[in-house]
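Worksheet: the structure to be examined is printed underneath.
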Amino acid sequence: MRYLILVLLFPLAVQAQSVSNQRLYDTVPFLPEHTPQRLAQFAKEPIVTGRIIFLGNSVTEMGDWKKATGDTTVINRGIGGDITYGVLKRLKDITDRQPAKVFLLIGINDIGKDIPDAVIAANDLRIVKEIHAKCPQARIYVQSVLPVNSTLNNFPQHYDKEEHVLALNKLLQANAAAGNYTYVDIFHLFADADGRLNSKYTYEGLHLKPPAYDIWVAYLRKMGYL
């Protein structure tokens, strides 16, 4: 009887452990109130297929991609504070538009929340695979997480995790073949001699100033991605 009870309780114990593990890190975006505002805005836009989509967090949202690319049809799908879990929840808006190309940049907010590097990379891979499954024609570019610079004024200290940025970027690069995506190293474009985000390109060591986006787009063009 004792053995039978242990056998019956074991699956419950495993399930409880699994739930506990899922709660080890927060999966809510840093700016949860901003997400519904952006999603409502996206929902108002007509569904047009075959476009280029820039997908990510505030770094993407802050980019004037139409101006930087000279293409008024480019779609900005950045949401400030978003994490990989947030992108996974809103992929229907992307796949419904059957994009020609998707430029994904996501992960720094996950790092800020102490979500493990391997989990972030796995979520990136899930994002890519779902887009591929529903938009087989889409070419997907997974861009490296940018450097940060904790030495600057007003730098948000929960992002002072440079070693995780480097580790995540290695994982994103390593997963490129499995995910059938192109890994794009934009880290080097904005890093100074110490590997930090160059102060001339940033406001506070995390977000980019407008001229940085021109450099970013020029590099994408140089590499033949745009």
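Letters A, B, ... mark the chains of the structure tokens in the order given; residue numbers begin at 1 per chain; ligand numbers begin at 1, in order shown.
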Which neighbours of region 87-97 of chain A fall inside 9 Å, counting only C-alpha atoms, when residues of the same chain fewer than 2 positions from it are skipped, and could you give them as a VMD selection string?
chain A and resid 39 42 to 43 47 to 51 53 55 to 57 77 79 82 to 85 99 102 106 123 to 124 126 to 127 130 to 132 134 to 135
Could you pull the residues within 7 Å of region 188-204 of chain A, counting only C-alpha atoms, minus those fewer than 3 positions along the same chain, as JSON, numbers by chain?
{"A": [147, 148, 149, 152, 153, 154, 155, 185, 207, 208, 209, 212]}
Within region 104-225 of chain A, find each residue whose DSSP state, derived from the backbone, is alpha helix (DSSP H), and express the selection as an mmCIF file with N, CA and C atoms, in the first residue's frame.
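Wrote it out as states-v2.cif, contents follow:
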data_model
loop_
_atom_site.group_PDB
_atom_site.id
_atom_site.type_symbol
_atom_site.label_atom_id
_atom_site.label_comp_id
_atom_site.auth_asym_id
_atom_site.auth_seq_id
_atom_site.Cartn_x
_atom_site.Cartn_y
_atom_site.Cartn_z
ATOM 1 N N ILE A 108 17.538 41.398 -24.162
ATOM 2 C CA ILE A 108 18.180 42.180 -23.105
ATOM 3 C C ILE A 108 17.277 42.339 -21.891
ATOM 4 N N ASN A 109 15.969 42.452 -22.103
ATOM 5 C CA ASN A 109 15.061 42.556 -20.962
ATOM 6 C C ASN A 109 14.944 41.221 -20.225
ATOM 7 N N ASP A 110 15.043 40.120 -20.959
ATOM 8 C CA ASP A 110 15.091 38.805 -20.322
ATOM 9 C C ASP A 110 16.313 38.731 -19.394
ATOM 10 N N ILE A 111 17.446 39.199 -19.907
ATOM 11 C CA ILE A 111 18.668 39.212 -19.100
ATOM 12 C C ILE A 111 18.471 40.060 -17.854
ATOM 13 N N GLY A 112 17.812 41.203 -18.026
ATOM 14 C CA GLY A 112 17.544 42.083 -16.894
ATOM 15 C C GLY A 112 16.666 41.434 -15.839
ATOM 16 N N ASP A 117 20.234 32.301 -19.767
ATOM 17 C CA ASP A 117 20.639 32.508 -21.157
ATOM 18 C C ASP A 117 20.105 31.413 -22.075
ATOM 19 N N ALA A 118 20.180 30.166 -21.616
ATOM 20 C CA ALA A 118 19.724 29.044 -22.438
ATOM 21 C C ALA A 118 18.225 29.106 -22.704
ATOM 22 N N VAL A 119 17.471 29.588 -21.739
ATOM 23 C CA VAL A 119 16.015 29.725 -21.908
ATOM 24 C C VAL A 119 15.712 30.818 -22.934
ATOM 25 N N ILE A 120 16.442 31.920 -22.850
ATOM 26 C CA ILE A 120 16.247 33.028 -23.804
ATOM 27 C C ILE A 120 16.535 32.546 -25.221
ATOM 28 N N ALA A 121 17.657 31.865 -25.387
ATOM 29 C CA ALA A 121 18.039 31.367 -26.716
ATOM 30 C C ALA A 121 17.016 30.367 -27.234
ATOM 31 N N ALA A 122 16.509 29.516 -26.343
ATOM 32 C CA ALA A 122 15.497 28.539 -26.746
ATOM 33 C C ALA A 122 14.209 29.239 -27.170
ATOM 34 N N ASN A 123 13.846 30.299 -26.472
ATOM 35 C CA ASN A 123 12.652 31.068 -26.852
ATOM 36 C C ASN A 123 12.852 31.743 -28.201
ATOM 37 N N ASP A 124 14.039 32.261 -28.447
ATOM 38 C CA ASP A 124 14.343 32.853 -29.752
ATOM 39 C C ASP A 124 14.133 31.807 -30.850
ATOM 40 N N LEU A 125 14.600 30.605 -30.580
ATOM 41 C CA LEU A 125 14.465 29.527 -31.552
ATOM 42 C C LEU A 125 12.993 29.177 -31.774
ATOM 43 N N ARG A 126 12.203 29.184 -30.707
ATOM 44 C CA ARG A 126 10.755 28.929 -30.827
ATOM 45 C C ARG A 126 10.085 30.012 -31.670
ATOM 46 N N ILE A 127 10.487 31.256 -31.460
ATOM 47 C CA ILE A 127 9.941 32.369 -32.245
ATOM 48 C C ILE A 127 10.207 32.142 -33.731
ATOM 49 N N VAL A 128 11.455 31.842 -34.027
ATOM 50 C CA VAL A 128 11.862 31.645 -35.421
ATOM 51 C C VAL A 128 11.119 30.473 -36.052
ATOM 52 N N LYS A 129 11.043 29.373 -35.326
ATOM 53 C CA LYS A 129 10.408 28.177 -35.884
ATOM 54 C C LYS A 129 8.920 28.387 -36.141
ATOM 55 N N GLU A 130 8.267 29.148 -35.268
ATOM 56 C CA GLU A 130 6.845 29.418 -35.495
ATOM 57 C C GLU A 130 6.641 30.305 -36.718
ATOM 58 N N ILE A 131 7.514 31.294 -36.890
ATOM 59 C CA ILE A 131 7.408 32.148 -38.079
ATOM 60 C C ILE A 131 7.662 31.323 -39.336
ATOM 61 N N HIS A 132 8.699 30.478 -39.302
ATOM 62 C CA HIS A 132 8.996 29.625 -40.459
ATOM 63 C C HIS A 132 7.823 28.707 -40.797
ATOM 64 N N ALA A 133 7.193 28.151 -39.749
ATOM 65 C CA ALA A 133 6.111 27.200 -39.971
ATOM 66 C C ALA A 133 4.914 27.841 -40.658
ATOM 67 N N LYS A 134 4.644 29.084 -40.323
ATOM 68 C CA LYS A 134 3.461 29.758 -40.867
ATOM 69 C C LYS A 134 3.788 30.696 -42.026
ATOM 70 N N GLU A 162 26.950 42.216 -18.420
ATOM 71 C CA GLU A 162 27.603 42.133 -19.723
ATOM 72 C C GLU A 162 27.961 40.704 -20.102
ATOM 73 N N GLU A 163 28.335 39.892 -19.086
ATOM 74 C CA GLU A 163 28.747 38.523 -19.383
ATOM 75 C C GLU A 163 27.590 37.709 -19.950
ATOM 76 N N HIS A 164 26.360 38.045 -19.555
ATOM 77 C CA HIS A 164 25.201 37.324 -20.075
ATOM 78 C C HIS A 164 24.884 37.746 -21.509
ATOM 79 N N VAL A 165 25.137 38.986 -21.832
ATOM 80 C CA VAL A 165 24.954 39.438 -23.217
ATOM 81 C C VAL A 165 25.872 38.634 -24.134
ATOM 82 N N LEU A 166 27.129 38.509 -23.737
ATOM 83 C CA LEU A 166 28.093 37.761 -24.545
ATOM 84 C C LEU A 166 27.711 36.292 -24.654
ATOM 85 N N ALA A 167 27.282 35.714 -23.530
ATOM 86 C CA ALA A 167 26.901 34.294 -23.532
ATOM 87 C C ALA A 167 25.676 34.052 -24.401
ATOM 88 N N LEU A 168 24.692 34.934 -24.308
ATOM 89 C CA LEU A 168 23.485 34.783 -25.111
ATOM 90 C C LEU A 168 23.803 34.898 -26.589
ATOM 91 N N ASN A 169 24.620 35.867 -26.951
ATOM 92 C CA ASN A 169 24.960 36.047 -28.362
ATOM 93 C C ASN A 169 25.651 34.807 -28.934
ATOM 94 N N LYS A 170 26.475 34.146 -28.133
ATOM 95 C CA LYS A 170 27.116 32.906 -28.590
ATOM 96 C C LYS A 170 26.078 31.827 -28.855
ATOM 97 N N LEU A 171 25.077 31.753 -27.983
ATOM 98 C CA LEU A 171 24.015 30.765 -28.164
ATOM 99 C C LEU A 171 23.177 31.073 -29.399
ATOM 100 N N LEU A 172 22.864 32.350 -29.596
ATOM 101 C CA LEU A 172 22.082 32.742 -30.778
ATOM 102 C C LEU A 172 22.828 32.396 -32.061
ATOM 103 N N GLN A 173 24.122 32.611 -32.057
ATOM 104 C CA GLN A 173 24.933 32.278 -33.226
ATOM 105 C C GLN A 173 24.989 30.761 -33.434
ATOM 106 N N ALA A 174 25.126 30.031 -32.335
ATOM 107 C CA ALA A 174 25.227 28.571 -32.422
ATOM 108 C C ALA A 174 23.934 27.929 -32.907
ATOM 109 N N ALA A 176 21.875 29.113 -35.145
ATOM 110 C CA ALA A 176 21.464 29.600 -36.465
ATOM 111 C C ALA A 176 21.145 28.464 -37.437
ATOM 112 N N ALA A 177 21.968 27.450 -37.449
ATOM 113 C CA ALA A 177 21.738 26.344 -38.383
ATOM 114 C C ALA A 177 20.464 25.584 -38.021
ATOM 115 N N ALA A 178 20.285 25.304 -36.732
ATOM 116 C CA ALA A 178 19.100 24.568 -36.278
ATOM 117 C C ALA A 178 17.825 25.353 -36.542
ATOM 118 N N GLY A 179 17.916 26.677 -36.452
ATOM 119 C CA GLY A 179 16.743 27.510 -36.660
ATOM 120 C C GLY A 179 16.573 27.991 -38.087
ATOM 121 N N PHE A 187 26.556 43.676 -32.476
ATOM 122 C CA PHE A 187 27.251 44.032 -31.229
ATOM 123 C C PHE A 187 28.493 44.864 -31.537
ATOM 124 N N HIS A 188 29.273 44.381 -32.507
ATOM 125 C CA HIS A 188 30.554 45.027 -32.795
ATOM 126 C C HIS A 188 30.392 46.438 -33.363
ATOM 127 N N LEU A 189 29.233 46.728 -33.942
ATOM 128 C CA LEU A 189 29.024 48.051 -34.534
ATOM 129 C C LEU A 189 29.044 49.154 -33.485
ATOM 130 N N PHE A 190 28.616 48.810 -32.265
ATOM 131 C CA PHE A 190 28.396 49.835 -31.246
ATOM 132 C C PHE A 190 29.256 49.654 -29.996
ATOM 133 N N PRO A 210 19.427 58.282 -32.416
ATOM 134 C CA PRO A 210 19.021 58.126 -33.826
ATOM 135 C C PRO A 210 20.152 57.831 -34.809
ATOM 136 N N PRO A 211 21.327 58.498 -34.724
ATOM 137 C CA PRO A 211 22.377 58.197 -35.703
ATOM 138 C C PRO A 211 22.834 56.741 -35.708
ATOM 139 N N ALA A 212 22.672 56.063 -34.576
ATOM 140 C CA ALA A 212 23.084 54.661 -34.494
ATOM 141 C C ALA A 212 22.255 53.791 -35.428
ATOM 142 N N TYR A 213 21.007 54.166 -35.622
ATOM 143 C CA TYR A 213 20.142 53.365 -36.500
ATOM 144 C C TYR A 213 20.592 53.460 -37.957
ATOM 145 N N ASP A 214 21.143 54.592 -38.330
ATOM 146 C CA ASP A 214 21.671 54.727 -39.690
ATOM 147 C C ASP A 214 22.863 53.793 -39.892
ATOM 148 N N ILE A 215 23.704 53.693 -38.863
ATOM 149 C CA ILE A 215 24.856 52.785 -38.919
ATOM 150 C C ILE A 215 24.374 51.340 -39.000
ATOM 151 N N TRP A 216 23.383 51.037 -38.226
ATOM 152 C CA TRP A 216 22.783 49.697 -38.185
ATOM 153 C C TRP A 216 22.253 49.303 -39.560
ATOM 154 N N VAL A 217 21.441 50.175 -40.154
ATOM 155 C CA VAL A 217 20.846 49.884 -41.453
ATOM 156 C C VAL A 217 21.912 49.803 -42.541
ATOM 157 N N ALA A 218 22.913 50.682 -42.462
ATOM 158 C CA ALA A 218 24.001 50.645 -43.448
ATOM 159 C C ALA A 218 24.723 49.304 -43.405
ATOM 160 N N TYR A 219 24.885 48.770 -42.218
ATOM 161 C CA TYR A 219 25.547 47.461 -42.077
ATOM 162 C C TYR A 219 24.681 46.356 -42.664
ATOM 163 N N LEU A 220 23.383 46.398 -42.398
ATOM 164 C CA LEU A 220 22.476 45.393 -42.964
ATOM 165 C C LEU A 220 22.517 45.424 -44.491
ATOM 166 N N ARG A 221 22.616 46.620 -45.023
ATOM 167 C CA ARG A 221 22.718 46.758 -46.484
ATOM 168 C C ARG A 221 24.046 46.214 -46.993
ATOM 169 N N LYS A 222 25.105 46.570 -46.289
ATOM 170 C CA LYS A 222 26.442 46.124 -46.680
ATOM 171 C C LYS A 222 26.532 44.601 -46.725
#
Residue list (strand (DSSP E), DSSP) for region 86-178 of chain A, as a PyMOL selection string:
chain A and resi 101-105+139-143
Write the residues of the selection above to a file with all heavy atoms, as a PDB file, in the first residue's frame.
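Output saved as selection-v6.pdb:
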ATOM      1  N   LYS A 101      10.715  39.481 -44.882  1.00  0.00           N
ATOM      2  CA  LYS A 101      11.876  39.386 -44.002  1.00  0.00           C
ATOM      3  C   LYS A 101      11.481  39.818 -42.588  1.00  0.00           C
ATOM      4  O   LYS A 101      10.649  40.718 -42.425  1.00  0.00           O
ATOM      5  CB  LYS A 101      13.023  40.283 -44.493  1.00  0.00           C
ATOM      6  CG  LYS A 101      13.579  39.921 -45.851  1.00  0.00           C
ATOM      7  CD  LYS A 101      14.703  40.866 -46.258  1.00  0.00           C
ATOM      8  CE  LYS A 101      15.259  40.492 -47.631  1.00  0.00           C
ATOM      9  NZ  LYS A 101      16.380  41.396 -48.034  1.00  0.00           N
ATOM     10  N   VAL A 102      12.101  39.176 -41.599  1.00  0.00           N
ATOM     11  CA  VAL A 102      11.906  39.572 -40.205  1.00  0.00           C
ATOM     12  C   VAL A 102      13.278  39.769 -39.575  1.00  0.00           C
ATOM     13  O   VAL A 102      14.129  38.871 -39.638  1.00  0.00           O
ATOM     14  CB  VAL A 102      11.123  38.509 -39.409  1.00  0.00           C
ATOM     15  CG1 VAL A 102      11.026  38.913 -37.932  1.00  0.00           C
ATOM     16  CG2 VAL A 102       9.741  38.298 -39.994  1.00  0.00           C
ATOM     17  N   PHE A 103      13.472  40.951 -38.981  1.00  0.00           N
ATOM     18  CA  PHE A 103      14.702  41.239 -38.252  1.00  0.00           C
ATOM     19  C   PHE A 103      14.364  41.239 -36.768  1.00  0.00           C
ATOM     20  O   PHE A 103      13.712  42.153 -36.262  1.00  0.00           O
ATOM     21  CB  PHE A 103      15.281  42.585 -38.686  1.00  0.00           C
ATOM     22  CG  PHE A 103      15.842  42.582 -40.084  1.00  0.00           C
ATOM     23  CD1 PHE A 103      15.029  42.862 -41.170  1.00  0.00           C
ATOM     24  CD2 PHE A 103      17.174  42.262 -40.311  1.00  0.00           C
ATOM     25  CE1 PHE A 103      15.538  42.845 -42.470  1.00  0.00           C
ATOM     26  CE2 PHE A 103      17.695  42.228 -41.603  1.00  0.00           C
ATOM     27  CZ  PHE A 103      16.871  42.530 -42.681  1.00  0.00           C
ATOM     28  N   LEU A 104      14.810  40.192 -36.078  1.00  0.00           N
ATOM     29  CA  LEU A 104      14.471  40.002 -34.668  1.00  0.00           C
ATOM     30  C   LEU A 104      15.618  40.444 -33.767  1.00  0.00           C
ATOM     31  O   LEU A 104      16.771  40.058 -33.978  1.00  0.00           O
ATOM     32  CB  LEU A 104      14.158  38.524 -34.411  1.00  0.00           C
ATOM     33  CG  LEU A 104      13.908  38.102 -32.967  1.00  0.00           C
ATOM     34  CD1 LEU A 104      12.621  38.739 -32.425  1.00  0.00           C
ATOM     35  CD2 LEU A 104      13.833  36.570 -32.864  1.00  0.00           C
ATOM     36  N   LEU A 105      15.292  41.245 -32.771  1.00  0.00           N
ATOM     37  CA  LEU A 105      16.257  41.606 -31.733  1.00  0.00           C
ATOM     38  C   LEU A 105      15.527  41.599 -30.397  1.00  0.00           C
ATOM     39  O   LEU A 105      14.713  42.476 -30.122  1.00  0.00           O
ATOM     40  CB  LEU A 105      16.865  42.990 -31.981  1.00  0.00           C
ATOM     41  CG  LEU A 105      17.788  43.515 -30.867  1.00  0.00           C
ATOM     42  CD1 LEU A 105      18.916  42.534 -30.578  1.00  0.00           C
ATOM     43  CD2 LEU A 105      18.355  44.880 -31.230  1.00  0.00           C
ATOM     44  N   ARG A 139      12.411  35.260 -44.769  1.00  0.00           N
ATOM     45  CA  ARG A 139      13.821  35.143 -44.381  1.00  0.00           C
ATOM     46  C   ARG A 139      13.974  35.812 -43.026  1.00  0.00           C
ATOM     47  O   ARG A 139      13.547  36.955 -42.837  1.00  0.00           O
ATOM     48  CB  ARG A 139      14.708  35.806 -45.428  1.00  0.00           C
ATOM     49  CG  ARG A 139      14.576  35.166 -46.804  1.00  0.00           C
ATOM     50  CD  ARG A 139      15.460  35.834 -47.838  1.00  0.00           C
ATOM     51  NE  ARG A 139      16.873  35.668 -47.540  1.00  0.00           N
ATOM     52  CZ  ARG A 139      17.855  36.149 -48.303  1.00  0.00           C
ATOM     53  NH1 ARG A 139      17.563  36.850 -49.393  1.00  0.00           N
ATOM     54  NH2 ARG A 139      19.111  35.955 -47.986  1.00  0.00           N
ATOM     55  N   ILE A 140      14.568  35.097 -42.090  1.00  0.00           N
ATOM     56  CA  ILE A 140      14.631  35.576 -40.714  1.00  0.00           C
ATOM     57  C   ILE A 140      16.071  35.866 -40.313  1.00  0.00           C
ATOM     58  O   ILE A 140      16.970  35.045 -40.519  1.00  0.00           O
ATOM     59  CB  ILE A 140      13.996  34.557 -39.746  1.00  0.00           C
ATOM     60  CG1 ILE A 140      12.558  34.263 -40.174  1.00  0.00           C
ATOM     61  CG2 ILE A 140      14.051  35.071 -38.309  1.00  0.00           C
ATOM     62  CD1 ILE A 140      11.869  33.219 -39.325  1.00  0.00           C
ATOM     63  N   TYR A 141      16.251  37.035 -39.731  1.00  0.00           N
ATOM     64  CA  TYR A 141      17.562  37.480 -39.275  1.00  0.00           C
ATOM     65  C   TYR A 141      17.491  37.709 -37.769  1.00  0.00           C
ATOM     66  O   TYR A 141      16.751  38.580 -37.304  1.00  0.00           O
ATOM     67  CB  TYR A 141      17.964  38.774 -39.986  1.00  0.00           C
ATOM     68  CG  TYR A 141      17.988  38.638 -41.493  1.00  0.00           C
ATOM     69  CD1 TYR A 141      16.830  38.833 -42.253  1.00  0.00           C
ATOM     70  CD2 TYR A 141      19.155  38.288 -42.145  1.00  0.00           C
ATOM     71  CE1 TYR A 141      16.847  38.689 -43.633  1.00  0.00           C
ATOM     72  CE2 TYR A 141      19.191  38.147 -43.532  1.00  0.00           C
ATOM     73  CZ  TYR A 141      18.029  38.348 -44.266  1.00  0.00           C
ATOM     74  OH  TYR A 141      18.052  38.205 -45.626  1.00  0.00           O
ATOM     75  N   VAL A 142      18.241  36.914 -37.020  1.00  0.00           N
ATOM     76  CA  VAL A 142      18.303  37.072 -35.567  1.00  0.00           C
ATOM     77  C   VAL A 142      19.539  37.901 -35.242  1.00  0.00           C
ATOM     78  O   VAL A 142      20.665  37.475 -35.509  1.00  0.00           O
ATOM     79  CB  VAL A 142      18.356  35.710 -34.849  1.00  0.00           C
ATOM     80  CG1 VAL A 142      18.544  35.899 -33.350  1.00  0.00           C
ATOM     81  CG2 VAL A 142      17.072  34.923 -35.123  1.00  0.00           C
ATOM     82  N   GLN A 143      19.298  39.062 -34.704  1.00  0.00           N
ATOM     83  CA  GLN A 143      20.387  40.000 -34.448  1.00  0.00           C
ATOM     84  C   GLN A 143      20.913  39.856 -33.026  1.00  0.00           C
ATOM     85  O   GLN A 143      20.165  39.583 -32.091  1.00  0.00           O
ATOM     86  CB  GLN A 143      19.885  41.425 -34.694  1.00  0.00           C
ATOM     87  CG  GLN A 143      19.397  41.617 -36.129  1.00  0.00           C
ATOM     88  CD  GLN A 143      18.575  42.871 -36.312  1.00  0.00           C
ATOM     89  OE1 GLN A 143      19.010  43.817 -36.942  1.00  0.00           O
ATOM     90  NE2 GLN A 143      17.389  42.897 -35.744  1.00  0.00           N
TER      91      GLN A 143
END
For CA of Gly63 (chain A) and CA of Leu206 (chain A), quote the distance in Å rounded to one decimal.
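Going from CA of Gly63 (chain A) over to CA of Leu206 (chain A), I get 13.7 Å.
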One residue among A:Ile186, A:Gly205, A:Arg38, A:Gly86 is nearest to Met223 (chain A) when using only C-alpha atoms, and that residue is A:Ile186
Show which residues sit within 7 Å of Ser58 (chain A), as an MDAnalysis selection string. Count only C-alpha atoms, and ignore same-chain residues fewer than 4 positions away.
chainID A and resid 62 78:81
Atoms kept (N, CA, C and O atoms) for selection, written as a tab-separated table (two decimals), in the first residue's frame:
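part20.tsv was written with the following content:
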chain	number	residue	atom	x	y	z
A	62	MET	N	12.12	52.24	-30.81
A	62	MET	CA	12.64	53.60	-30.92
A	62	MET	C	13.24	53.91	-32.28
A	62	MET	O	13.57	55.06	-32.57
A	78	GLY	N	8.32	46.75	-32.54
A	78	GLY	CA	9.02	46.80	-31.26
A	78	GLY	C	8.07	47.22	-30.16
A	78	GLY	O	7.22	48.09	-30.37
A	79	ILE	N	8.21	46.61	-29.00
A	79	ILE	CA	7.43	47.00	-27.82
A	79	ILE	C	8.39	47.18	-26.66
A	79	ILE	O	9.07	46.24	-26.24
A	80	GLY	N	8.46	48.40	-26.13
A	80	GLY	CA	9.35	48.69	-25.02
A	80	GLY	C	9.09	47.79	-23.84
A	80	GLY	O	7.95	47.57	-23.45
A	81	GLY	N	10.16	47.25	-23.26
A	81	GLY	CA	10.06	46.39	-22.10
A	81	GLY	C	9.77	44.93	-22.42
A	81	GLY	O	9.73	44.09	-21.51
Out of A:Ile115, A:Asp64, A:Asp71, A:Thr182, which residue has the shortest atom-to-atom distance to Thr27 (chain A) when counting only C-alpha atoms?
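Distance minimum relative to Thr27 (chain A) lands on A:Ile115.
For the residues A:Lys44, A:Phe30, A:Asp114, A:Tyr25, ranking by smallest atom-to-atom distance to Asp160 (chain A) using only C-alpha atoms places A:Asp114 first.
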I'd like the interatomic distance between CA of Thr60 (chain A) and CA of Gln37 (chain A), to a tenth of an Å.
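Rounded to one decimal, the two atoms are 16.0 Å apart.
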What does the distance from CA of Val59 (chain A) to CA of Asn76 (chain A) come to in Å, to one decimal?
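Taking CA of Val59 (chain A) as the start and CA of Asn76 (chain A) as the end point, the length is 10.8 Å.
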